[in-house]
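S.K.: Supplied structure: query_7.cif, mmCIF, C-alpha atoms.
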```
data_data
#
loop_
_atom_site.group_PDB
_atom_site.id
_atom_site.type_symbol
_atom_site.label_atom_id
_atom_site.label_comp_id
_atom_site.auth_asym_id
_atom_site.auth_seq_id
_atom_site.Cartn_x
_atom_site.Cartn_y
_atom_site.Cartn_z
ATOM 1 C CA SER I 1 -105.707 1.672 -20.753
ATOM 2 C CA TYR I 2 -105.038 4.462 -18.292
ATOM 3 C CA VAL I 3 -104.318 1.892 -15.607
ATOM 4 C CA ASN I 4 -101.912 0.052 -17.905
ATOM 5 C CA ARG I 5 -100.061 3.269 -18.705
ATOM 6 C CA ALA I 6 -99.716 4.047 -15.007
ATOM 7 C CA ARG I 7 -98.295 0.583 -14.353
ATOM 8 C CA ILE I 8 -95.817 0.937 -17.213
ATOM 9 C CA THR I 9 -94.646 4.371 -16.032
ATOM 10 C CA SER I 10 -94.281 3.125 -12.442
ATOM 11 C CA GLU I 11 -92.276 0.113 -13.617
ATOM 12 C CA THR I 12 -89.986 2.300 -15.751
ATOM 13 C CA ASP I 13 -89.464 4.662 -12.799
ATOM 14 C CA VAL I 14 -88.499 1.736 -10.571
ATOM 15 C CA SER I 15 -86.122 0.372 -13.176
ATOM 16 C CA ARG I 16 -84.515 3.794 -13.606
ATOM 17 C CA ARG I 17 -84.096 4.152 -9.865
ATOM 18 C CA THR I 18 -82.528 0.709 -9.574
ATOM 19 C CA ARG I 19 -80.193 1.501 -12.466
ATOM 20 C CA ASP I 20 -79.166 4.785 -10.878
ATOM 21 C CA ALA I 21 -78.583 3.048 -7.566
ATOM 22 C CA ARG I 22 -76.457 0.375 -9.214
ATOM 23 C CA ARG I 23 -74.431 2.992 -11.065
ATOM 24 C CA LYS I 24 -73.768 4.887 -7.845
ATOM 25 C CA ASP I 25 -72.772 1.657 -6.124
ATOM 26 C CA ILE I 26 -70.400 0.721 -8.946
ATOM 27 C CA ARG I 27 -68.845 4.194 -8.972
ATOM 28 C CA SER I 28 -68.308 4.165 -5.236
ATOM 29 C CA ARG I 29 -66.719 0.719 -5.398
ATOM 30 C CA PHE I 30 -64.474 1.715 -8.275
ATOM 31 C CA LYS I 31 -63.258 4.795 -6.432
ATOM 32 C CA SER I 32 -62.520 2.808 -3.288
ATOM 33 C CA ASP I 33 -60.606 0.146 -5.268
ATOM 34 C CA LYS I 34 -58.644 2.806 -7.080
ATOM 35 C CA TRP I 35 -57.769 4.485 -3.799
ATOM 36 C CA GLU I 36 -56.661 1.184 -2.273
ATOM 37 C CA THR I 37 -54.431 0.349 -5.240
ATOM 38 C CA SER I 38 -52.855 3.797 -5.187
ATOM 39 C CA THR I 39 -52.199 3.630 -1.449
ATOM 40 C CA SER I 40 -50.768 0.125 -1.713
ATOM 41 C CA SER I 41 -48.499 1.175 -4.589
ATOM 42 C CA SER I 42 -47.342 4.191 -2.608
ATOM 43 C CA GLU I 43 -46.623 1.970 0.385
ATOM 44 C CA LYS I 44 -44.677 -0.389 -1.844
ATOM 45 C CA SER I 45 -42.686 2.469 -3.302
ATOM 46 C CA ARG I 46 -41.907 3.673 0.205
ATOM 47 C CA GLY I 47 -40.936 0.220 1.384
ATOM 48 C CA CYS I 48 -38.753 -0.716 -1.575
ATOM 49 C CA LYS I 49 -35.014 -0.329 -1.213
ATOM 50 C CA VAL I 50 -32.664 0.571 -3.982
ATOM 51 C CA SER I 51 -29.966 -2.085 -4.271
ATOM 52 C CA PHE I 52 -27.288 -2.809 -6.831
ATOM 53 C CA VAL I 53 -25.276 -5.941 -7.418
ATOM 54 C CA PHE I 54 -22.327 -6.313 -9.764
ATOM 55 C CA ASP I 55 -22.351 -9.199 -12.192
ATOM 56 C CA PRO I 56 -19.041 -11.093 -11.808
ATOM 57 C CA ALA I 57 -19.035 -11.780 -15.553
ATOM 58 C CA GLY I 58 -20.014 -8.241 -16.508
ATOM 59 C CA ARG I 59 -17.969 -5.457 -18.011
ATOM 60 C CA LEU I 60 -17.927 -3.339 -14.876
ATOM 61 C CA CYS I 61 -16.180 -6.089 -12.896
ATOM 62 C CA TYR I 62 -13.661 -6.432 -15.704
ATOM 63 C CA TYR I 63 -12.929 -2.698 -15.809
ATOM 64 C CA TRP I 64 -12.570 -2.647 -12.045
ATOM 65 C CA SER I 65 -10.076 -5.527 -12.217
ATOM 66 C CA VAL I 66 -8.050 -3.343 -14.603
ATOM 67 C CA VAL I 67 -7.925 -0.554 -11.994
ATOM 68 C CA VAL I 68 -6.883 -2.936 -9.211
ATOM 69 C CA SER I 69 -4.263 -4.495 -11.502
ATOM 70 C CA PHE I 70 -2.666 -1.094 -12.057
ATOM 71 C CA ALA I 71 -2.468 -0.595 -8.279
ATOM 72 C CA PHE I 72 -0.806 -4.013 -7.955
ATOM 73 C CA LEU I 73 1.682 -3.259 -10.746
ATOM 74 C CA TYR I 74 2.598 -0.018 -9.018
ATOM 75 C CA ASN I 75 3.515 -1.926 -5.862
ATOM 76 C CA LEU I 76 5.308 -4.630 -7.876
ATOM 77 C CA TRP I 77 7.628 -2.239 -9.696
ATOM 78 C CA VAL I 78 8.093 0.583 -7.207
ATOM 79 C CA MET I 79 8.409 -1.228 -3.887
ATOM 80 C CA MET I 80 11.675 -3.059 -4.576
ATOM 81 C CA TYR I 81 13.140 -0.083 -6.426
ATOM 82 C CA ARG I 82 12.637 2.256 -3.470
ATOM 83 C CA PHE I 83 13.944 -0.330 -1.027
ATOM 84 C CA ALA I 84 17.145 -0.876 -2.997
ATOM 85 C CA PHE I 85 17.926 2.720 -3.910
ATOM 86 C CA GLN I 86 16.509 4.429 -0.815
ATOM 87 C CA GLU I 87 14.373 6.787 -2.840
ATOM 88 C CA ILE I 88 12.209 7.936 0.070
ATOM 89 C CA ASN I 89 13.693 11.058 1.629
ATOM 90 C CA SER I 90 12.464 14.363 2.952
ATOM 91 C CA ASP I 91 12.059 15.787 -0.562
ATOM 92 C CA THR I 92 10.072 12.908 -2.059
ATOM 93 C CA LEU I 93 8.233 11.747 1.057
ATOM 94 C CA LEU I 94 4.921 13.435 0.259
ATOM 95 C CA ILE I 95 4.869 12.274 -3.367
ATOM 96 C CA TRP I 96 5.631 8.626 -2.637
ATOM 97 C CA PHE I 97 3.210 8.467 0.285
ATOM 98 C CA SER I 98 0.448 9.949 -1.889
ATOM 99 C CA PHE I 99 0.946 7.215 -4.486
ATOM 100 C CA ASP I 100 1.191 4.508 -1.826
ATOM 101 C CA TYR I 101 -1.982 5.376 0.001
ATOM 102 C CA PHE I 102 -3.893 6.004 -3.184
ATOM 103 C CA ALA I 103 -3.098 2.400 -4.162
ATOM 104 C CA ASP I 104 -4.175 1.298 -0.675
ATOM 105 C CA PHE I 105 -7.420 3.216 -1.122
ATOM 106 C CA ILE I 106 -8.086 1.241 -4.310
ATOM 107 C CA TYR I 107 -7.520 -1.953 -2.319
ATOM 108 C CA VAL I 108 -10.096 -0.800 0.251
ATOM 109 C CA LEU I 109 -12.585 0.000 -2.507
ATOM 110 C CA ASP I 110 -11.996 -3.468 -3.890
ATOM 111 C CA ILE I 111 -13.173 -4.972 -0.596
ATOM 112 C CA CYS I 112 -16.340 -2.844 -0.770
ATOM 113 C CA PHE I 113 -16.752 -3.934 -4.374
ATOM 114 C CA HIS I 114 -16.599 -7.598 -3.364
ATOM 115 C CA PHE I 115 -19.397 -7.080 -0.843
ATOM 116 C CA ARG I 116 -21.717 -6.112 -3.712
ATOM 117 C CA THR I 117 -20.541 -8.690 -6.267
ATOM 118 C CA GLY I 118 -22.960 -11.513 -6.975
ATOM 119 C CA TYR I 119 -22.121 -15.178 -7.197
ATOM 120 C CA LEU I 120 -23.711 -18.212 -8.831
ATOM 121 C CA GLU I 121 -25.502 -20.786 -6.720
ATOM 122 C CA ASP I 122 -27.054 -23.716 -8.623
ATOM 123 C CA GLY I 123 -26.798 -21.666 -11.798
ATOM 124 C CA VAL I 124 -28.708 -18.701 -10.319
ATOM 125 C CA LEU I 125 -27.077 -15.321 -9.687
ATOM 126 C CA GLN I 126 -27.500 -14.459 -6.005
ATOM 127 C CA THR I 127 -28.332 -10.801 -5.310
ATOM 128 C CA ASP I 128 -29.384 -10.825 -1.655
ATOM 129 C CA SER I 129 -27.107 -8.503 0.310
ATOM 130 C CA LYS I 130 -26.974 -10.764 3.372
ATOM 131 C CA LYS I 131 -26.006 -13.786 1.279
ATOM 132 C CA LEU I 132 -23.377 -11.774 -0.575
ATOM 133 C CA ARG I 133 -21.851 -10.560 2.674
ATOM 134 C CA ASN I 134 -21.750 -14.014 4.256
ATOM 135 C CA HIS I 135 -20.401 -15.619 1.099
ATOM 136 C CA TYR I 136 -17.568 -13.108 0.787
ATOM 137 C CA MET I 137 -16.612 -13.060 4.473
ATOM 138 C CA ASN I 138 -16.509 -16.869 4.589
ATOM 139 C CA SER I 139 -14.297 -17.118 1.511
ATOM 140 C CA THR I 140 -10.506 -17.172 1.275
ATOM 141 C CA THR I 141 -10.600 -14.022 -0.865
ATOM 142 C CA PHE I 142 -11.747 -11.935 2.092
ATOM 143 C CA TYR I 143 -8.772 -12.965 4.234
ATOM 144 C CA ILE I 144 -6.396 -12.377 1.328
ATOM 145 C CA ASP I 145 -7.798 -8.893 0.831
ATOM 146 C CA CYS I 146 -7.396 -8.137 4.531
ATOM 147 C CA LEU I 147 -3.830 -9.472 4.438
ATOM 148 C CA CYS I 148 -3.057 -7.112 1.565
ATOM 149 C CA LEU I 149 -3.908 -4.144 3.801
ATOM 150 C CA LEU I 150 -1.866 -5.272 6.803
ATOM 151 C CA PRO I 151 -0.689 -1.924 8.285
ATOM 152 C CA LEU I 152 3.018 -2.635 8.545
ATOM 153 C CA ASP I 153 3.639 0.977 7.532
ATOM 154 C CA PHE I 154 3.584 1.861 11.227
ATOM 155 C CA LEU I 155 6.973 0.166 11.485
ATOM 156 C CA TYR I 156 8.349 3.119 9.515
ATOM 157 C CA LEU I 157 8.493 4.916 12.851
ATOM 158 C CA SER I 158 11.028 2.434 14.286
ATOM 159 C CA LEU I 159 12.718 0.865 11.253
ATOM 160 C CA GLY I 160 12.775 3.841 8.915
ATOM 161 C CA PHE I 161 11.243 4.123 5.463
ATOM 162 C CA LYS I 162 11.710 0.547 4.312
ATOM 163 C CA SER I 163 9.411 -0.024 1.357
ATOM 164 C CA ILE I 164 9.812 -3.785 1.681
ATOM 165 C CA LEU I 165 7.376 -3.541 4.610
ATOM 166 C CA ARG I 166 4.651 -3.171 2.002
ATOM 167 C CA CYS I 167 5.390 -6.640 0.606
ATOM 168 C CA PHE I 168 1.940 -7.948 1.572
ATOM 169 C CA ARG I 169 0.457 -5.632 -1.056
ATOM 170 C CA LEU I 170 1.772 -8.101 -3.638
ATOM 171 C CA VAL I 171 -0.665 -10.772 -2.464
ATOM 172 C CA LYS I 172 -3.177 -8.953 -4.640
ATOM 173 C CA ILE I 173 -1.605 -10.723 -7.610
ATOM 174 C CA TYR I 174 -4.664 -12.986 -7.803
ATOM 175 C CA LYS I 175 -6.645 -9.999 -9.099
ATOM 176 C CA PHE I 176 -4.003 -9.378 -11.743
ATOM 177 C CA TRP I 177 -4.182 -13.027 -12.832
ATOM 178 C CA HIS I 178 -7.972 -12.758 -13.026
ATOM 179 C CA PHE I 179 -7.632 -9.739 -15.298
ATOM 180 C CA LEU I 180 -5.122 -11.573 -17.527
ATOM 181 C CA ASP I 181 -7.354 -14.640 -17.784
ATOM 182 C CA ARG I 182 -10.430 -12.682 -18.852
ATOM 183 C CA THR I 183 -8.467 -10.564 -21.294
ATOM 184 C CA GLU I 184 -6.870 -13.609 -22.896
ATOM 185 C CA ARG I 185 -10.251 -15.292 -23.345
ATOM 186 C CA HIS I 186 -11.923 -12.260 -24.905
ATOM 187 C CA THR I 187 -9.143 -10.732 -26.984
ATOM 188 C CA ASN I 188 -8.945 -11.231 -30.743
ATOM 189 C CA SER I 189 -5.169 -11.838 -30.576
ATOM 190 C CA PRO I 190 -4.498 -14.173 -27.633
ATOM 191 C CA ASN I 191 -1.015 -15.123 -28.864
ATOM 192 C CA LEU I 192 0.062 -11.502 -29.034
ATOM 193 C CA PHE I 193 -1.349 -10.897 -25.576
ATOM 194 C CA ARG I 194 0.553 -13.896 -24.165
ATOM 195 C CA SER I 195 3.755 -12.570 -25.716
ATOM 196 C CA ILE I 196 3.259 -9.180 -24.091
ATOM 197 C CA ILE I 197 2.609 -10.773 -20.698
ATOM 198 C CA LEU I 198 5.699 -12.969 -21.068
ATOM 199 C CA ILE I 199 7.833 -9.915 -21.830
ATOM 200 C CA HIS I 200 6.372 -8.165 -18.808
ATOM 201 C CA TYR I 201 7.210 -11.109 -16.544
ATOM 202 C CA LEU I 202 10.779 -11.138 -17.849
ATOM 203 C CA LEU I 203 11.221 -7.405 -17.335
ATOM 204 C CA ALA I 204 9.806 -7.616 -13.811
ATOM 205 C CA THR I 205 12.189 -10.485 -13.018
ATOM 206 C CA PHE I 206 15.162 -8.530 -14.380
ATOM 207 C CA HIS I 207 14.071 -5.499 -12.389
ATOM 208 C CA TRP I 208 13.914 -7.396 -9.103
ATOM 209 C CA ASN I 209 17.213 -9.181 -9.793
ATOM 210 C CA ALA I 210 18.941 -5.870 -10.489
ATOM 211 C CA CYS I 211 17.607 -4.387 -7.257
ATOM 212 C CA VAL I 212 18.695 -7.439 -5.248
ATOM 213 C CA PHE I 213 22.209 -7.436 -6.782
ATOM 214 C CA PHE I 214 22.490 -3.723 -6.069
ATOM 215 C CA LEU I 215 21.642 -4.347 -2.419
ATOM 216 C CA ILE I 216 24.216 -7.136 -2.211
ATOM 217 C CA ALA I 217 26.910 -4.987 -3.818
ATOM 218 C CA LYS I 218 26.122 -2.017 -1.590
ATOM 219 C CA ASN I 219 26.257 -4.042 1.611
#
```
Would you mind giving the structure from this file in structure tokens?
M.R.:
Amino acid sequence: SYVNRARITSETDVSRRTRDARRKDIRSRFKSDKWETSTSSSEKSRGCKVSFVFDPAGRLCYYWSVVVSFAFLYNLWVMMYRFAFQEINSDTLLIWFSFDYFADFIYVLDICFHFRTGYLEDGVLQTDSKKLRNHYMNSTTFYIDCLCLLPLDFLYLSLGFKSILRCFRLVKIYKFWHFLDRTERHTNSPNLFRSIILIHYLLATFHWNACVFFLIAKN
């Protein structure tokens, strides 16, 4: 019986030792795995880059088209008026130039905005920055936007302050049409909106005709 007890105690001691060894092994492995996952996650967080892409059908693009449309309307109404009535003089030079170049600054921001605007390819919204850049620079919109910012203002030095030199700013009308199209599709009163736009077109036509007739009568 004594021998049997000794065997049992020795076997229990061996089993305890093996259990303790296994526990230590498991703990060491768990710590190493946890350390590897934490380091890999930290490396991923270091390697990730914050990027943002505007959805062409989103609200932000629509609100931005409103801002660009106001800059276009400023050029549409003011340019011909100043050319006909010679409103730019030494007293108003700073004010008019501030408005002009603020509108040009909006045009420049619009180009930057286009570089970060996504597009659909096979029904999937593309968000890769390289694809967005190549898609925009290979499109007709990019050349139109560059044409809008053609720096003919330098001719002020030789020809005088002729506002008609800013006529290429009116090429931005495509952005205004885009704003009108989206507004008409989402408004609750499309007929009323069309009536307002028709009245605006008529007033703009009358405005330009009056300026042209004034130039003819003056000359």
S.K.: On this file, the PyMOL selection byres ((chain I and resi 211) around 9) gives some set of residues; write that set as number ranges by chain.
M.R.: I: 80-81, 83-85, 206-210, 212-216
S.K.: Atom CA of Phe168 of chain I to atom CA of Ser69 of chain I: how many Å, to one decimal?
M.R.: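 Computing the Euclidean distance for atom CA of Phe168 of chain I and atom CA of Ser69 of chain I yields 14.9 Å.
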S.K.: For atom CA of Thr117 of chain I and atom CA of Phe102 of chain I, quote the distance in Å rounded to one decimal.
M.R.: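 If I compute the distance from atom CA of Thr117 of chain I to atom CA of Phe102 of chain I, I get 22.4 Å.
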S.K.: Fewer than 3 positions away in the same chain doesn't count, so skip those; otherwise give me all residues within 6 Å of segment 163-167 of chain I, counting all atoms listed in the file, as a PyMOL selection string.
M.R.: chain I and resi 79+83+152+170
S.K.: Apply the PyMOL selection byres ((chain I and resi 106) around 12) to the file shown and report the selected residues as a ChimeraX atom specification.
M.R.: /I:64-72,74,99-105,107-113,145,148-149,169,172
S.K.: Only all heavy atoms, as a tab-separated table (two decimals), in the first residue's frame: that is what I want for segment 158-173 of chain I.
M.R.:
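Just written: decode_17.tsv:
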```tsv
chain	number	residue	atom	x	y	z
I	158	SER	N	-2.31	97.18	-71.38
I	158	SER	CA	-2.15	97.80	-72.70
I	158	SER	C	-3.48	98.33	-73.27
I	158	SER	O	-3.49	99.34	-73.96
I	158	SER	CB	-1.54	96.80	-73.68
I	158	SER	OG	-2.35	95.63	-73.78
I	159	LEU	N	-4.58	97.63	-72.97
I	159	LEU	CA	-5.87	98.02	-73.54
I	159	LEU	C	-6.73	98.83	-72.59
I	159	LEU	O	-7.78	99.33	-73.00
I	159	LEU	CB	-6.65	96.76	-73.97
I	159	LEU	CG	-5.98	95.88	-75.03
I	159	LEU	CD1	-6.85	94.65	-75.31
I	159	LEU	CD2	-5.74	96.66	-76.31
I	160	GLY	N	-6.32	98.93	-71.34
I	160	GLY	CA	-7.17	99.60	-70.36
I	160	GLY	C	-8.10	98.61	-69.68
I	160	GLY	O	-8.10	97.41	-69.97
I	161	PHE	N	-8.91	99.12	-68.77
I	161	PHE	CA	-9.78	98.25	-67.98
I	161	PHE	C	-11.05	97.91	-68.78
I	161	PHE	O	-12.12	98.49	-68.59
I	161	PHE	CB	-10.13	98.93	-66.66
I	161	PHE	CG	-8.93	99.21	-65.80
I	161	PHE	CD1	-8.56	100.50	-65.51
I	161	PHE	CD2	-8.17	98.17	-65.29
I	161	PHE	CE1	-7.45	100.76	-64.72
I	161	PHE	CE2	-7.06	98.41	-64.50
I	161	PHE	CZ	-6.70	99.71	-64.22
I	162	LYS	N	-10.88	96.94	-69.67
I	162	LYS	CA	-11.99	96.46	-70.48
I	162	LYS	C	-12.51	95.16	-69.86
I	162	LYS	O	-11.86	94.11	-69.96
I	162	LYS	CB	-11.56	96.22	-71.93
I	162	LYS	CG	-10.90	97.42	-72.59
I	162	LYS	CD	-11.88	98.56	-72.77
I	162	LYS	CE	-11.22	99.70	-73.53
I	162	LYS	NZ	-12.13	100.86	-73.69
I	163	SER	N	-13.66	95.22	-69.25
I	163	SER	CA	-14.17	94.03	-68.56
I	163	SER	C	-14.53	92.91	-69.52
I	163	SER	O	-14.64	91.75	-69.10
I	163	SER	CB	-15.41	94.40	-67.74
I	163	SER	OG	-15.09	95.33	-66.74
I	164	ILE	N	-14.71	93.22	-70.79
I	164	ILE	CA	-15.07	92.20	-71.77
I	164	ILE	C	-13.94	91.18	-71.92
I	164	ILE	O	-14.15	90.08	-72.45
I	164	ILE	CB	-15.42	92.84	-73.13
I	164	ILE	CG1	-16.25	91.88	-73.99
I	164	ILE	CG2	-14.16	93.30	-73.84
I	164	ILE	CD1	-17.59	91.55	-73.44
I	165	LEU	N	-12.73	91.53	-71.47
I	165	LEU	CA	-11.61	90.60	-71.52
I	165	LEU	C	-11.82	89.39	-70.61
I	165	LEU	O	-11.14	88.38	-70.76
I	165	LEU	CB	-10.32	91.32	-71.14
I	165	LEU	CG	-9.85	92.42	-72.10
I	165	LEU	CD1	-8.65	93.15	-71.53
I	165	LEU	CD2	-9.50	91.82	-73.47
I	166	ARG	N	-12.76	89.52	-69.70
I	166	ARG	CA	-13.08	88.40	-68.81
I	166	ARG	C	-14.21	87.51	-69.37
I	166	ARG	O	-14.84	86.77	-68.61
I	166	ARG	CB	-13.50	88.94	-67.44
I	166	ARG	CG	-12.40	89.64	-66.69
I	166	ARG	CD	-12.91	90.26	-65.40
I	166	ARG	NE	-13.59	89.28	-64.56
I	166	ARG	CZ	-12.97	88.48	-63.69
I	166	ARG	NH1	-11.65	88.54	-63.56
I	166	ARG	NH2	-13.65	87.62	-62.95
I	167	CYS	N	-14.42	87.59	-70.66
I	167	CYS	CA	-15.56	86.87	-71.27
I	167	CYS	C	-15.43	85.36	-71.13
I	167	CYS	O	-16.44	84.64	-71.11
I	167	CYS	CB	-15.71	87.26	-72.73
I	167	CYS	SG	-14.27	86.88	-73.75
I	168	PHE	N	-14.20	84.84	-71.03
I	168	PHE	CA	-14.04	83.39	-70.90
I	168	PHE	C	-14.55	82.87	-69.56
I	168	PHE	O	-14.73	81.66	-69.41
I	168	PHE	CB	-12.57	83.01	-71.09
I	168	PHE	CG	-12.13	83.06	-72.53
I	168	PHE	CD1	-11.31	84.09	-72.97
I	168	PHE	CD2	-12.53	82.10	-73.43
I	168	PHE	CE1	-10.91	84.16	-74.29
I	168	PHE	CE2	-12.12	82.15	-74.76
I	168	PHE	CZ	-11.31	83.18	-75.19
I	169	ARG	N	-14.76	83.77	-68.61
I	169	ARG	CA	-15.34	83.33	-67.33
I	169	ARG	C	-16.77	82.80	-67.51
I	169	ARG	O	-17.25	82.03	-66.68
I	169	ARG	CB	-15.36	84.48	-66.33
I	169	ARG	CG	-14.01	85.14	-66.05
I	169	ARG	CD	-13.00	84.17	-65.47
I	169	ARG	NE	-11.82	84.84	-64.99
I	169	ARG	CZ	-10.73	85.12	-65.71
I	169	ARG	NH1	-10.72	84.76	-67.00
I	169	ARG	NH2	-9.69	85.72	-65.20
I	170	LEU	N	-17.40	83.19	-68.60
I	170	LEU	CA	-18.79	82.75	-68.84
I	170	LEU	C	-18.88	81.31	-69.34
I	170	LEU	O	-19.97	80.76	-69.41
I	170	LEU	CB	-19.46	83.68	-69.85
I	170	LEU	CG	-19.54	85.16	-69.46
I	170	LEU	CD1	-20.22	85.96	-70.55
I	170	LEU	CD2	-20.27	85.32	-68.13
I	171	VAL	N	-17.74	80.72	-69.68
I	171	VAL	CA	-17.76	79.32	-70.11
I	171	VAL	C	-18.17	78.41	-68.96
I	171	VAL	O	-18.59	77.27	-69.17
I	171	VAL	CB	-16.38	78.92	-70.67
I	171	VAL	CG1	-16.36	77.50	-71.18
I	171	VAL	CG2	-15.98	79.87	-71.79
I	172	LYS	N	-18.11	78.94	-67.76
I	172	LYS	CA	-18.49	78.17	-66.58
I	172	LYS	C	-20.00	77.97	-66.50
I	172	LYS	O	-20.51	77.42	-65.51
I	172	LYS	CB	-18.02	78.91	-65.33
I	172	LYS	CG	-17.79	78.03	-64.13
I	172	LYS	CD	-16.56	77.17	-64.28
I	172	LYS	CE	-16.22	76.47	-62.98
I	172	LYS	NZ	-15.00	75.64	-63.10
I	173	ILE	N	-20.71	78.32	-67.53
I	173	ILE	CA	-22.16	78.18	-67.53
I	173	ILE	C	-22.59	76.72	-67.39
I	173	ILE	O	-23.71	76.43	-66.94
I	173	ILE	CB	-22.75	78.80	-68.82
I	173	ILE	CG1	-24.28	78.93	-68.70
I	173	ILE	CG2	-22.34	78.01	-70.04
I	173	ILE	CD1	-24.91	79.68	-69.86
```
